[in-house]
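Next comes coords-v8.txt, with compact mmCIF, C-alpha atoms and all ligand atoms.
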```
# COMPACT_ATOMS: atom_id res chain seq x y z
CA MET A 1092 50.17 36.63 24.70
CA VAL A 1093 46.42 36.52 25.44
CA LYS A 1094 44.78 34.39 22.84
CA ILE A 1095 41.42 35.01 21.20
CA SER A 1096 39.66 31.76 20.41
CA ARG A 1097 38.23 31.35 16.95
CA ARG A 1098 34.72 31.49 18.39
CA GLU A 1099 35.34 34.71 20.31
CA GLY A 1100 37.37 36.26 17.50
CA ARG A 1101 36.07 38.50 14.76
CA ALA A 1102 34.87 37.07 11.49
CA ALA A 1103 37.63 36.84 8.89
CA GLN A 1104 38.77 40.20 7.62
CA LEU A 1105 40.49 41.15 4.40
CA ILE A 1106 43.46 43.39 3.58
CA GLU A 1107 44.01 44.30 -0.06
CA HIS A 1108 47.51 43.69 -1.39
CA HIS A 1109 48.09 47.43 -1.92
CA ASP A 1110 47.36 48.02 1.80
CA PHE A 1111 49.73 45.35 3.11
CA GLN A 1112 52.55 47.89 3.50
CA SER A 1113 50.46 49.78 6.02
CA LEU A 1114 50.53 46.67 8.24
CA PHE A 1115 54.33 47.00 8.25
CA ASP A 1116 54.07 50.74 8.94
CA VAL A 1117 51.70 50.26 11.90
CA LEU A 1118 54.00 47.65 13.44
CA LYS A 1119 57.01 49.94 12.96
CA ALA A 1120 55.11 52.84 14.52
CA LYS A 1121 54.51 50.59 17.52
CA LYS A 1122 58.31 50.21 17.81
CA TYR A 1123 58.57 46.66 16.55
CA ARG A 1124 61.64 45.63 14.58
CA LEU A 1125 60.29 43.70 11.62
CA ILE A 1126 61.90 40.34 10.87
CA GLY A 1127 60.72 38.47 7.82
CA PRO A 1128 61.71 36.38 4.84
CA THR A 1129 64.08 37.96 2.37
CA VAL A 1130 66.39 36.68 -0.37
CA ARG A 1131 70.07 36.36 0.43
CA ASP A 1132 72.75 34.29 -1.34
CA GLY A 1133 70.17 32.41 -3.35
CA SER A 1134 67.90 31.35 -0.52
CA VAL A 1135 65.08 32.72 1.63
CA VAL A 1136 66.41 33.70 5.06
CA TYR A 1137 64.94 35.60 8.01
CA ASP A 1138 66.33 39.07 8.54
CA GLU A 1139 65.24 42.66 9.09
CA VAL A 1140 62.68 43.91 6.58
CA ALA A 1141 61.25 47.39 6.31
CA ARG A 1142 59.02 47.23 3.27
CA VAL A 1143 56.86 44.70 1.50
CA ASP A 1144 59.36 44.86 -1.37
CA ASP A 1145 62.02 43.42 0.95
CA LEU A 1146 60.08 40.14 0.98
CA PRO A 1147 60.85 37.55 -1.73
CA VAL A 1148 58.15 39.02 -4.02
CA GLY A 1149 57.43 36.69 -6.95
CA TYR A 1150 59.80 33.96 -5.78
CA SER A 1151 59.05 30.27 -5.53
CA ASP A 1152 61.37 27.49 -4.48
CA GLU A 1153 62.21 23.94 -5.54
CA GLN A 1154 63.28 21.75 -2.68
CA GLU A 1155 64.39 18.15 -2.83
CA LYS A 1156 66.66 15.87 -0.85
CA GLY A 1157 69.92 17.79 -0.54
CA SER A 1158 68.89 20.53 -2.98
CA TYR A 1159 67.28 23.98 -2.93
CA ARG A 1160 66.68 26.42 -5.76
CA LEU A 1161 64.85 29.74 -5.95
CA ASN A 1162 62.94 30.72 -9.09
CA LYS A 1163 61.68 34.21 -9.93
CA SER A 1164 58.45 34.84 -11.78
CA ASP A 1165 56.46 37.93 -12.69
CA ASP A 1166 53.68 37.39 -10.18
CA HIS A 1167 53.52 39.59 -7.10
CA ARG A 1168 52.94 36.86 -4.57
CA LEU A 1169 54.56 37.75 -1.22
CA PHE A 1170 54.60 34.25 0.29
CA GLY A 1171 54.86 31.90 -2.69
CA TYR A 1172 57.76 29.80 -1.29
CA GLY A 1173 58.33 27.41 1.57
CA VAL A 1174 60.65 27.59 4.56
CA GLY A 1175 64.37 28.18 3.95
CA PRO A 1176 67.44 27.24 6.01
CA HIS A 1177 66.71 29.74 8.80
CA SER A 1178 64.10 29.25 11.46
CA TRP A 1179 62.77 31.69 14.04
CA LYS A 1180 64.68 29.91 16.80
CA LYS A 1181 67.75 32.05 16.13
CA PHE A 1182 65.85 35.08 17.49
CA LEU A 1183 64.53 33.35 20.63
CA PHE A 1184 67.46 31.02 21.26
CA PRO A 1185 70.44 32.87 19.72
CA PRO A 1186 73.21 30.76 18.11
CA ALA A 1187 75.80 32.45 20.37
CA VAL A 1188 75.11 34.52 23.46
CA ARG A 1189 77.42 35.71 26.24
CA LEU A 1190 76.13 34.60 29.64
CA TRP A 1191 78.57 36.49 31.84
CA GLN A 1192 81.99 38.05 32.00
CA ALA A 1193 84.63 37.63 34.74
CA ARG A 1194 87.03 40.54 35.37
CA ARG A 1195 90.25 40.36 37.37
CA ASP A 1196 90.20 43.00 40.04
CA ASP A 1197 93.00 43.60 42.59
CA GLY A 1198 93.97 39.98 43.07
CA SER A 1199 90.33 38.88 43.06
CA PHE A 1200 87.75 38.69 40.29
CA GLN A 1201 84.25 39.86 39.73
CA ILE A 1202 81.45 38.12 37.80
CA ILE A 1203 79.33 40.48 35.73
CA PRO A 1204 76.12 38.84 34.49
CA GLU A 1205 75.05 39.74 30.98
CA ASP A 1206 72.27 42.28 30.91
CA TYR A 1207 70.16 40.83 28.12
CA HIS A 1208 67.83 43.35 26.50
CA ALA A 1209 65.03 41.85 24.47
CA GLU A 1210 63.58 44.14 21.84
CA PRO A 1211 60.03 44.03 20.47
CA LEU A 1212 60.16 41.90 17.32
CA ALA A 1213 57.39 41.42 14.78
CA LEU A 1214 57.88 38.09 13.03
CA ILE A 1215 56.44 38.38 9.53
CA GLY A 1216 55.33 35.23 7.72
CA VAL A 1217 55.51 32.54 10.39
CA ARG A 1218 54.28 29.26 8.89
CA ALA A 1219 52.09 26.75 10.71
CA CYS A 1220 54.93 24.27 11.23
CA GLU A 1221 57.11 27.07 12.61
CA LEU A 1222 54.43 28.24 15.02
CA ASN A 1223 54.25 24.67 16.27
CA ALA A 1224 58.05 24.58 16.55
CA ILE A 1225 57.96 27.74 18.72
CA ALA A 1226 55.29 26.10 20.90
CA ILE A 1227 57.56 23.06 21.27
CA GLN A 1228 60.53 25.23 22.24
CA ASP A 1229 58.27 27.06 24.73
CA ARG A 1230 57.89 23.74 26.55
CA VAL A 1231 61.65 23.20 26.53
CA PHE A 1232 62.71 26.68 27.62
CA LEU A 1233 59.77 27.93 29.68
CA ASP A 1234 57.76 25.04 31.12
CA GLY A 1235 60.40 22.97 32.84
CA GLU A 1236 62.08 23.33 36.20
CA TYR A 1237 64.68 25.68 34.72
CA ARG A 1238 63.22 28.62 32.83
CA ASP A 1239 65.58 30.17 30.29
CA PRO A 1240 65.61 33.94 31.02
CA ILE A 1241 66.96 34.90 27.57
CA TYR A 1242 64.27 32.95 25.74
CA ALA A 1243 61.56 34.15 28.15
CA ALA A 1244 62.47 37.82 27.74
CA GLN A 1245 62.36 37.68 23.93
CA ARG A 1246 59.28 35.47 23.81
CA GLU A 1247 57.26 38.09 25.68
CA LYS A 1248 58.14 40.74 23.13
CA LEU A 1249 57.01 38.97 19.98
CA PHE A 1250 54.27 39.97 17.61
CA VAL A 1251 53.47 37.02 15.34
CA LEU A 1252 52.07 37.59 11.86
CA ALA A 1253 51.46 34.02 10.69
CA VAL A 1254 50.82 32.85 7.12
CA ASN A 1255 48.80 29.85 5.99
CA CYS A 1256 50.80 28.02 3.33
CA GLY A 1257 49.54 28.36 -0.23
CA GLN A 1258 51.85 25.64 -1.56
CA ALA A 1259 53.64 22.62 -0.14
CA GLY A 1260 57.35 22.26 -0.74
CA ASN A 1261 58.52 18.88 -1.99
CA THR A 1262 60.17 18.11 1.35
CA CYS A 1263 57.27 19.27 3.56
CA PHE A 1264 55.31 16.73 5.61
CA CYS A 1265 53.68 18.92 8.27
CA ALA A 1266 50.18 17.53 7.58
CA SER A 1267 51.21 14.06 8.75
CA MET A 1268 52.76 15.58 11.89
CA HIS A 1269 49.52 17.49 12.64
CA ALA A 1270 51.53 20.72 12.47
CA GLY A 1271 50.21 22.44 9.33
CA PRO A 1272 49.63 23.77 6.77
CA ARG A 1273 46.76 25.63 8.49
CA VAL A 1274 47.96 27.97 11.21
CA THR A 1275 46.78 27.10 14.71
CA GLY A 1276 48.09 28.10 18.13
CA GLN A 1277 49.37 31.41 19.43
CA PHE A 1278 49.52 34.13 16.82
CA ASP A 1279 48.47 37.75 16.71
CA LEU A 1280 47.32 37.84 13.09
CA ALA A 1281 47.18 35.03 10.54
CA VAL A 1282 46.79 35.72 6.83
CA THR A 1283 46.10 33.68 3.73
CA GLU A 1284 47.33 35.14 0.46
CA VAL A 1285 44.88 34.90 -2.43
CA ILE A 1286 45.43 35.82 -6.06
CA ASN A 1287 42.26 35.39 -8.08
CA GLY A 1288 42.38 36.92 -11.55
CA GLU A 1289 43.05 40.62 -11.03
CA SER A 1290 42.37 40.43 -7.27
CA HIS A 1291 45.24 40.07 -4.83
CA TYR A 1292 44.30 40.11 -1.17
CA PHE A 1293 44.91 38.57 2.24
CA THR A 1294 42.16 37.12 4.40
CA VAL A 1295 43.02 37.83 8.02
CA GLU A 1296 42.24 35.99 11.23
CA VAL A 1297 42.75 37.80 14.52
CA GLY A 1298 44.41 35.73 17.24
CA SER A 1299 44.97 38.19 20.10
CA PRO A 1300 43.87 41.61 21.38
CA ARG A 1301 47.21 42.96 20.21
CA GLY A 1302 46.50 41.64 16.72
CA GLU A 1303 43.08 43.23 16.87
CA GLU A 1304 44.61 46.58 17.82
CA VAL A 1305 47.13 46.46 14.96
CA LEU A 1306 44.48 45.44 12.43
CA SER A 1307 42.24 48.31 13.55
CA GLU A 1308 44.87 50.75 12.25
CA VAL A 1309 45.25 49.04 8.86
CA PRO A 1310 42.72 49.53 6.03
CA HIS A 1311 40.60 46.37 5.96
CA ARG A 1312 37.06 45.09 5.54
CA PRO A 1313 35.14 41.91 6.34
CA ALA A 1314 35.90 39.09 3.90
CA SER A 1315 32.94 37.84 1.87
CA GLY A 1316 31.85 34.21 2.00
CA GLU A 1317 33.41 33.59 -1.42
CA GLU A 1318 36.72 35.21 -0.44
CA LYS A 1319 36.91 33.09 2.73
CA ALA A 1320 36.03 29.97 0.78
CA LEU A 1321 38.83 30.63 -1.71
CA ALA A 1322 41.34 31.09 1.12
CA ASN A 1323 40.17 27.85 2.75
CA GLN A 1324 40.40 26.02 -0.54
CA ILE A 1325 44.04 27.11 -0.92
CA ILE A 1326 44.99 25.65 2.47
CA THR A 1327 43.07 22.44 1.81
CA GLN A 1328 44.81 22.03 -1.55
CA THR A 1329 48.19 22.64 0.06
CA ALA A 1330 47.56 19.83 2.56
CA ALA A 1331 46.35 17.50 -0.18
CA SER A 1332 49.39 18.17 -2.40
CA MET A 1333 51.97 17.23 0.24
CA LYS A 1334 54.12 14.45 -1.17
CA ARG A 1335 55.88 13.24 1.95
CA SER A 1336 54.50 11.92 5.21
CA ILE A 1337 55.43 10.01 8.32
CA ASP A 1338 53.17 7.32 9.68
CA THR A 1339 53.17 8.40 13.32
CA ARG A 1340 51.01 5.54 14.64
CA GLY A 1341 52.88 3.84 17.45
CA ILE A 1342 56.10 5.53 16.36
CA LYS A 1343 57.47 5.72 19.89
CA GLN A 1344 57.19 1.98 20.47
CA ARG A 1345 58.45 1.25 16.99
CA LEU A 1346 61.62 3.25 17.53
CA TYR A 1347 62.22 1.77 20.98
CA ALA A 1348 61.89 -1.67 19.43
CA SER A 1349 64.30 -0.81 16.61
CA PHE A 1350 67.48 -0.25 18.59
CA GLU A 1351 69.32 -3.09 16.81
CA HIS A 1352 67.70 -2.54 13.43
CA PRO A 1353 70.10 -2.95 10.44
CA GLN A 1354 68.78 0.30 8.94
CA TRP A 1355 70.94 2.29 11.37
CA ASP A 1356 74.07 0.81 9.73
CA ASP A 1357 72.68 1.69 6.32
CA ILE A 1358 72.13 5.32 7.39
CA ALA A 1359 75.56 5.50 9.05
CA ALA A 1360 77.21 4.51 5.77
CA ARG A 1361 75.71 7.68 4.21
CA CYS A 1362 75.60 10.19 7.06
CA LEU A 1363 78.53 12.62 7.29
CA ALA A 1364 77.72 13.58 10.91
CA CYS A 1365 77.94 17.20 9.73
CA GLY A 1366 75.10 18.32 12.05
CA ASN A 1367 73.34 20.37 9.34
CA CYS A 1368 70.04 18.71 10.21
CA THR A 1369 70.27 19.87 13.82
CA GLN A 1370 71.26 23.42 12.91
CA VAL A 1371 68.37 23.97 10.50
CA CYS A 1372 65.81 22.18 12.67
CA PRO A 1373 63.44 24.67 14.32
CA THR A 1374 63.03 22.52 17.44
CA CYS A 1375 66.59 21.27 18.15
CA PHE A 1376 67.78 23.03 21.27
CA CYS A 1377 71.14 21.55 22.30
CA SER A 1378 73.80 24.00 23.42
CA THR A 1379 77.25 24.01 24.94
CA VAL A 1380 79.18 26.58 26.97
CA GLU A 1381 82.62 27.91 26.13
CA ASP A 1382 84.89 30.04 28.29
CA VAL A 1383 87.12 32.45 26.40
CA THR A 1384 89.84 34.62 27.95
CA ASP A 1385 91.42 37.68 26.42
CA LEU A 1386 95.18 37.80 25.74
CA SER A 1387 95.90 39.81 28.89
CA GLY A 1388 94.19 37.24 31.07
CA ASN A 1389 92.20 39.99 32.79
CA THR A 1390 88.76 39.10 31.44
CA ALA A 1391 87.03 35.85 30.65
CA ASP A 1392 83.68 35.44 28.89
CA ARG A 1393 81.28 32.52 29.16
CA TRP A 1394 79.34 31.94 25.95
CA ARG A 1395 76.42 29.68 25.23
CA LYS A 1396 76.48 28.33 21.68
CA TRP A 1397 74.32 26.00 19.63
CA ASP A 1398 75.67 22.48 19.66
CA SER A 1399 74.79 19.32 17.81
CA CYS A 1400 74.31 15.75 19.00
CA PHE A 1401 76.14 14.70 15.82
CA THR A 1402 79.56 15.69 17.20
CA THR A 1403 81.65 13.24 19.23
CA ASP A 1404 82.31 15.97 21.81
CA PHE A 1405 78.62 16.31 22.53
CA SER A 1406 78.51 13.06 24.51
CA TYR A 1407 82.08 13.28 25.82
CA ILE A 1408 82.55 12.51 29.49
CA VAL A 1409 85.77 11.57 31.25
CA GLY A 1410 87.40 8.82 29.22
CA GLY A 1411 85.62 9.33 25.89
CA SER A 1412 82.39 9.77 23.98
CA ILE A 1413 79.31 7.76 24.85
CA ARG A 1414 78.18 7.86 21.24
CA SER A 1415 81.39 7.32 19.33
CA SER A 1416 79.85 5.92 16.12
CA VAL A 1417 77.83 7.83 13.52
CA LYS A 1418 75.24 5.06 13.77
CA SER A 1419 74.69 5.73 17.48
CA ARG A 1420 74.49 9.48 16.91
CA TYR A 1421 71.92 9.34 14.10
CA ARG A 1422 69.90 6.77 16.08
CA GLN A 1423 69.97 9.03 19.12
CA TRP A 1424 68.88 12.06 17.07
CA MET A 1425 65.94 10.36 15.39
CA THR A 1426 64.85 8.44 18.48
CA HIS A 1427 64.92 11.62 20.54
CA LYS A 1428 63.11 13.65 17.90
CA LEU A 1429 60.27 11.19 17.32
CA ALA A 1430 60.07 9.13 20.51
CA THR A 1431 61.84 10.17 23.73
CA TRP A 1432 60.85 13.81 23.08
CA ILE A 1433 57.29 12.65 23.68
CA GLU A 1434 58.33 11.28 27.09
CA GLN A 1435 60.12 14.55 27.93
CA PHE A 1436 57.79 17.19 26.60
CA GLY A 1437 54.52 15.47 25.76
CA THR A 1438 54.85 16.17 22.05
CA SER A 1439 56.85 15.07 19.03
CA GLY A 1440 60.08 16.98 18.41
CA CYS A 1441 59.34 17.12 14.68
CA VAL A 1442 56.89 19.44 12.93
CA GLY A 1443 57.50 18.17 9.41
CA CYS A 1444 59.10 21.34 8.05
CA GLY A 1445 61.42 19.27 5.83
CA ARG A 1446 64.52 21.38 6.44
CA CYS A 1447 66.65 18.42 7.56
CA ILE A 1448 65.85 16.73 4.24
CA THR A 1449 66.60 19.72 2.01
CA TRP A 1450 69.79 20.75 3.81
CA CYS A 1451 71.32 17.32 4.34
CA PRO A 1452 74.31 17.33 1.96
CA VAL A 1453 73.84 13.62 1.18
CA GLY A 1454 70.05 13.75 0.99
CA ILE A 1455 69.12 11.61 4.00
CA ASP A 1456 65.34 11.82 4.34
CA ILE A 1457 63.79 11.27 7.78
CA THR A 1458 60.48 10.18 6.18
CA GLU A 1459 62.20 7.49 4.10
CA GLU A 1460 64.30 6.27 7.01
CA ILE A 1461 61.26 5.88 9.23
CA ALA A 1462 59.44 4.05 6.43
CA ALA A 1463 62.46 1.71 6.07
CA LEU A 1464 62.53 1.09 9.82
CA ARG A 1465 58.86 0.16 9.67
CA ALA A 1466 59.12 -1.97 6.54
CA GLU A 1467 62.17 -4.06 7.41
CA LYS A 1468 61.75 -7.33 9.26
CA GLN A 1469 62.04 -6.87 13.01
CA PRO A 1470 63.48 -9.31 15.57
CA ALA A 1471 60.67 -11.22 17.35
CA THR A 1472 60.98 -9.21 20.60
CA ALA A 1473 60.72 -5.98 18.65
CA VAL A 1474 57.55 -7.13 16.94
CA GLU A 1475 56.00 -7.93 20.34
CA ALA A 1476 56.90 -4.46 21.62
CA ALA A 1477 55.46 -2.75 18.56
CA LYS A 1478 52.14 -4.51 19.13
CA GLU A 1479 51.57 -2.06 21.96
CA ASP A 1480 50.89 0.56 19.30
CA VAL A 1481 48.96 3.58 20.51
CA SER A 1482 47.70 6.33 18.33
CA TYR A 1483 50.03 9.30 17.99
CA ALA A 1484 47.34 11.61 19.29
CA ASP A 1485 47.29 9.62 22.54
CA VAL A 1486 50.96 10.02 23.42
S1 LIG B 1 63.37 16.88 12.26
FE1 LIG B 1 63.54 17.75 10.19
S2 LIG B 1 61.42 17.92 9.43
FE2 LIG B 1 61.32 17.60 11.66
S3 LIG B 1 61.20 19.70 12.51
FE3 LIG B 1 63.39 19.13 12.49
S4 LIG B 1 64.16 19.90 10.50
FE4 LIG B 1 61.91 19.92 10.39
S1 LIG B 2 71.71 13.29 8.44
FE1 LIG B 2 72.59 14.60 6.82
S2 LIG B 2 72.58 16.68 7.69
FE2 LIG B 2 72.31 15.24 9.42
S3 LIG B 2 74.39 14.87 10.16
FE3 LIG B 2 73.97 13.23 8.66
S4 LIG B 2 74.77 14.04 6.71
FE4 LIG B 2 74.62 15.81 8.11
```
Would you mind giving the structure from this file in structure tokens?
Ligand code: SF4
Ligand code: SF4
Amino acid sequence: MVKISRREGRAAQLIEHHDFQSLFDVLKAKKYRLIGPTVRDGSVVYDEVARVDDLPVGYSDEQEKGSYRLNKSDDHRLFGYGVGPHSWKKFLFPPAVRLWQARRDDGSFQIIPEDYHAEPLALIGVRACELNAIAIQDRVFLDGEYRDPIYAAQREKLFVLAVNCGQAGNTCFCASMHAGPRVTGQFDLAVTEVINGESHYFTVEVGSPRGEEVLSEVPHRPASGEEKALANQIITQTAASMKRSIDTRGIKQRLYASFEHPQWDDIAARCLACGNCTQVCPTCFCSTVEDVTDLSGNTADRWRKWDSCFTTDFSYIVGGSIRSSVKSRYRQWMTHKLATWIEQFGTSGCVGCGRCITWCPVGIDITEEIAALRAEKQPATAVEAAKEDVSYADV
């Protein structure tokens, strides 16, 4: 995606609410399959949408530790809720994908690689934290020595319609992770939804030539100074209303110094090692491979599937698991997410979306656990190590 910088880009534009459907129609005419938020089984998930009415119109959500509830009101807001259990990673890094098939053939066998066809997808309503999560997964799947061809193929065929958040969920903490709520990074179009008395509109920022081309086919006009100011105010208020945060100063050193901290035992007494946090996390990328044969024994498939570092099998090598206790597995997950990830990929592995807090069945909250690790008395050596604090922006 070729990016247009804010300076080069056009001044903010505006699409009226009643014209928003035409944005969907233009994308469909350009052969994109539209994927967006929609209500299913009492939560907002990402699935195929065709019309604006397929979005969770008038819904808001209540999220807390281990709880999620959708509420319906009479307003016509299209994006009045936070992120749900799904993230966009399932479209770029599918939960299960066949890598190849082996077929028995006259006493020999043949390996048939999977011919993976990526289709053009338009992602509707990508939040700032999620755009940052995609950028993090780009580093994992595209920037290293081994480029993932499945991820790369789908990544090239994305149109991203991002949305600045107009409300912070109770479990969100993206502001403290420098990952939201204002959309930054690679998008094609970014909108802010504004309802002001009888007016209902979207201010639009163009992020790429492709976004520019799509917008040119949708009824729009330049946003006035007042309309832009209102949109900005909404994003500023969202950031200010965020209830949770993580103090990221020197977090890497702090976690390295906390290996023997008693808080890990406290967490282990509550954690079920269910792996929910890793499945809902938009940046977690662990996978395993499974070989499956048919009953005749003539074909065998190799599948790649999402895995979780919370299972004992994940760290199994000959003779047993390296991380056999729940304590060691939670410690590994959090230390990787917030510290060693920085060593590996030059960024935190957490964007503060809050999903792991909402969808943890026992309500373990990463922000509270980090605060406890910081607050508790450290062994003397740990305190010395933590003195090497560097600012999060420097790591
Ligand atoms: S660790 Fe939790 S808050 Fe951070 S990105 Fe993953 S799910 Fe979101
Ligand atoms: S922290 Fe919560 S969601 Fe994650 S494995 Fe433990 S119990 Fe499951």
Would you be able to write out as a ChimeraX atom specification which residues have an atom within 12 Å of (41.2, 28.4, 4.9) in the file's coordinates, counting only C-alpha atoms?
/A:1103,1254-1257,1271-1275,1281-1285,1293-1296,1314,1316-1330
A:Gln1154, A:Gln1112, A:Gln1228, A:Gln1201: which is nearest Ile1215 of chain A, counting all atoms listed in the file?
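Residue with the minimum atom-to-atom distance to Ile1215 of chain A: A:Gln1112.
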Hey, which residues sit close to ligand LIG 1 (chain B)? Say within 7 Å, counting all atoms listed in the file, and write them as a PyMOL selection string.
chain A and resi 1368-1369+1371-1375+1428+1440-1448+1457
Pick from A:Met1268, A:Gly1157, A:Ala1463, A:Tyr1242 nearest to ligand LIG 2 (chain B), counting only C-alpha atoms and all ligand atoms:
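Among the listed residues, the smallest separation from ligand LIG 2 (chain B) belongs to A:Gly1157.
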Can you work out the spacing between atom CA of Ile1461 of chain A and atom CA of Leu1161 of chain A in Å, to one decimal?
28.5 Å
Point-to-point distance in Å for atom CA of Ile1202 of chain A and atom CA of Val1409 of chain A:
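Separation of atom CA of Val1409 of chain A and atom CA of Ile1202 of chain A: 27.7 Å.
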Residues at most 8 Å from Thr1379 of chain A, counting only C-alpha atoms, excluding those fewer than 6 positions away in the same chain, as a PyMOL selection string?
chain A and resi 1395-1398
Within 12 Å of Ser1387 of chain A using all atoms listed in the file, minus same-chain residues under 4 positions, as an mmCIF file with C-alpha atoms, in the frame of the given file:
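Final file, result_39.cif:
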```cif
data_model
loop_
_atom_site.group_PDB
_atom_site.id
_atom_site.type_symbol
_atom_site.label_atom_id
_atom_site.label_comp_id
_atom_site.auth_asym_id
_atom_site.auth_seq_id
_atom_site.Cartn_x
_atom_site.Cartn_y
_atom_site.Cartn_z
ATOM 1 C CA ARG A 1194 87.030 40.540 35.370
ATOM 2 C CA ARG A 1195 90.250 40.360 37.370
ATOM 3 C CA VAL A 1383 87.120 32.450 26.400
ATOM 4 C CA ALA A 1391 87.030 35.850 30.650
#
```
Residue contacts of segment 1183-1189 of chain A (10 Å, only C-alpha atoms) excluding same-chain residues fewer than 5 positions away, as a PyMOL selection string:
chain A and resi 1204-1207+1209+1225+1228-1229+1232+1239+1241-1246+1249+1370+1376+1378-1382+1392-1398
Counting all atoms listed in the file, what residues are within 8 Å of ligand LIG 2 (chain B), given as a ChimeraX atom specification?
/A:1359,1361-1369,1401,1421,1447-1448,1450-1456
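Atom CA of Lys1156 of chain A lies 20.1 Å from atom CA of Lys1418 of chain A.
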Given the point (61.5, 0.6, 5.9) in the coordinates of this file, which residues lie within 12 Å, counting all atoms listed in the file, and how would they look as a PyMOL selection string?
chain A and resi 1337-1338+1345-1346+1349+1352-1355+1357-1358+1456-1469
Given all atoms listed in the file as the counted atoms, nearest of A:Gly1171, A:Gly1388, A:Pro1211, A:Gly1437 to Leu1125 of chain A
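The answer is A:Pro1211, which sits nearest to Leu1125 of chain A.
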For Lys1248 of chain A, the nearest of the candidates A:Arg1340, A:Lys1163, A:Arg1301, A:His1311, counting all atoms listed in the file
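Using all atoms listed in the file, the shortest distance to Lys1248 of chain A belongs to A:Arg1301.
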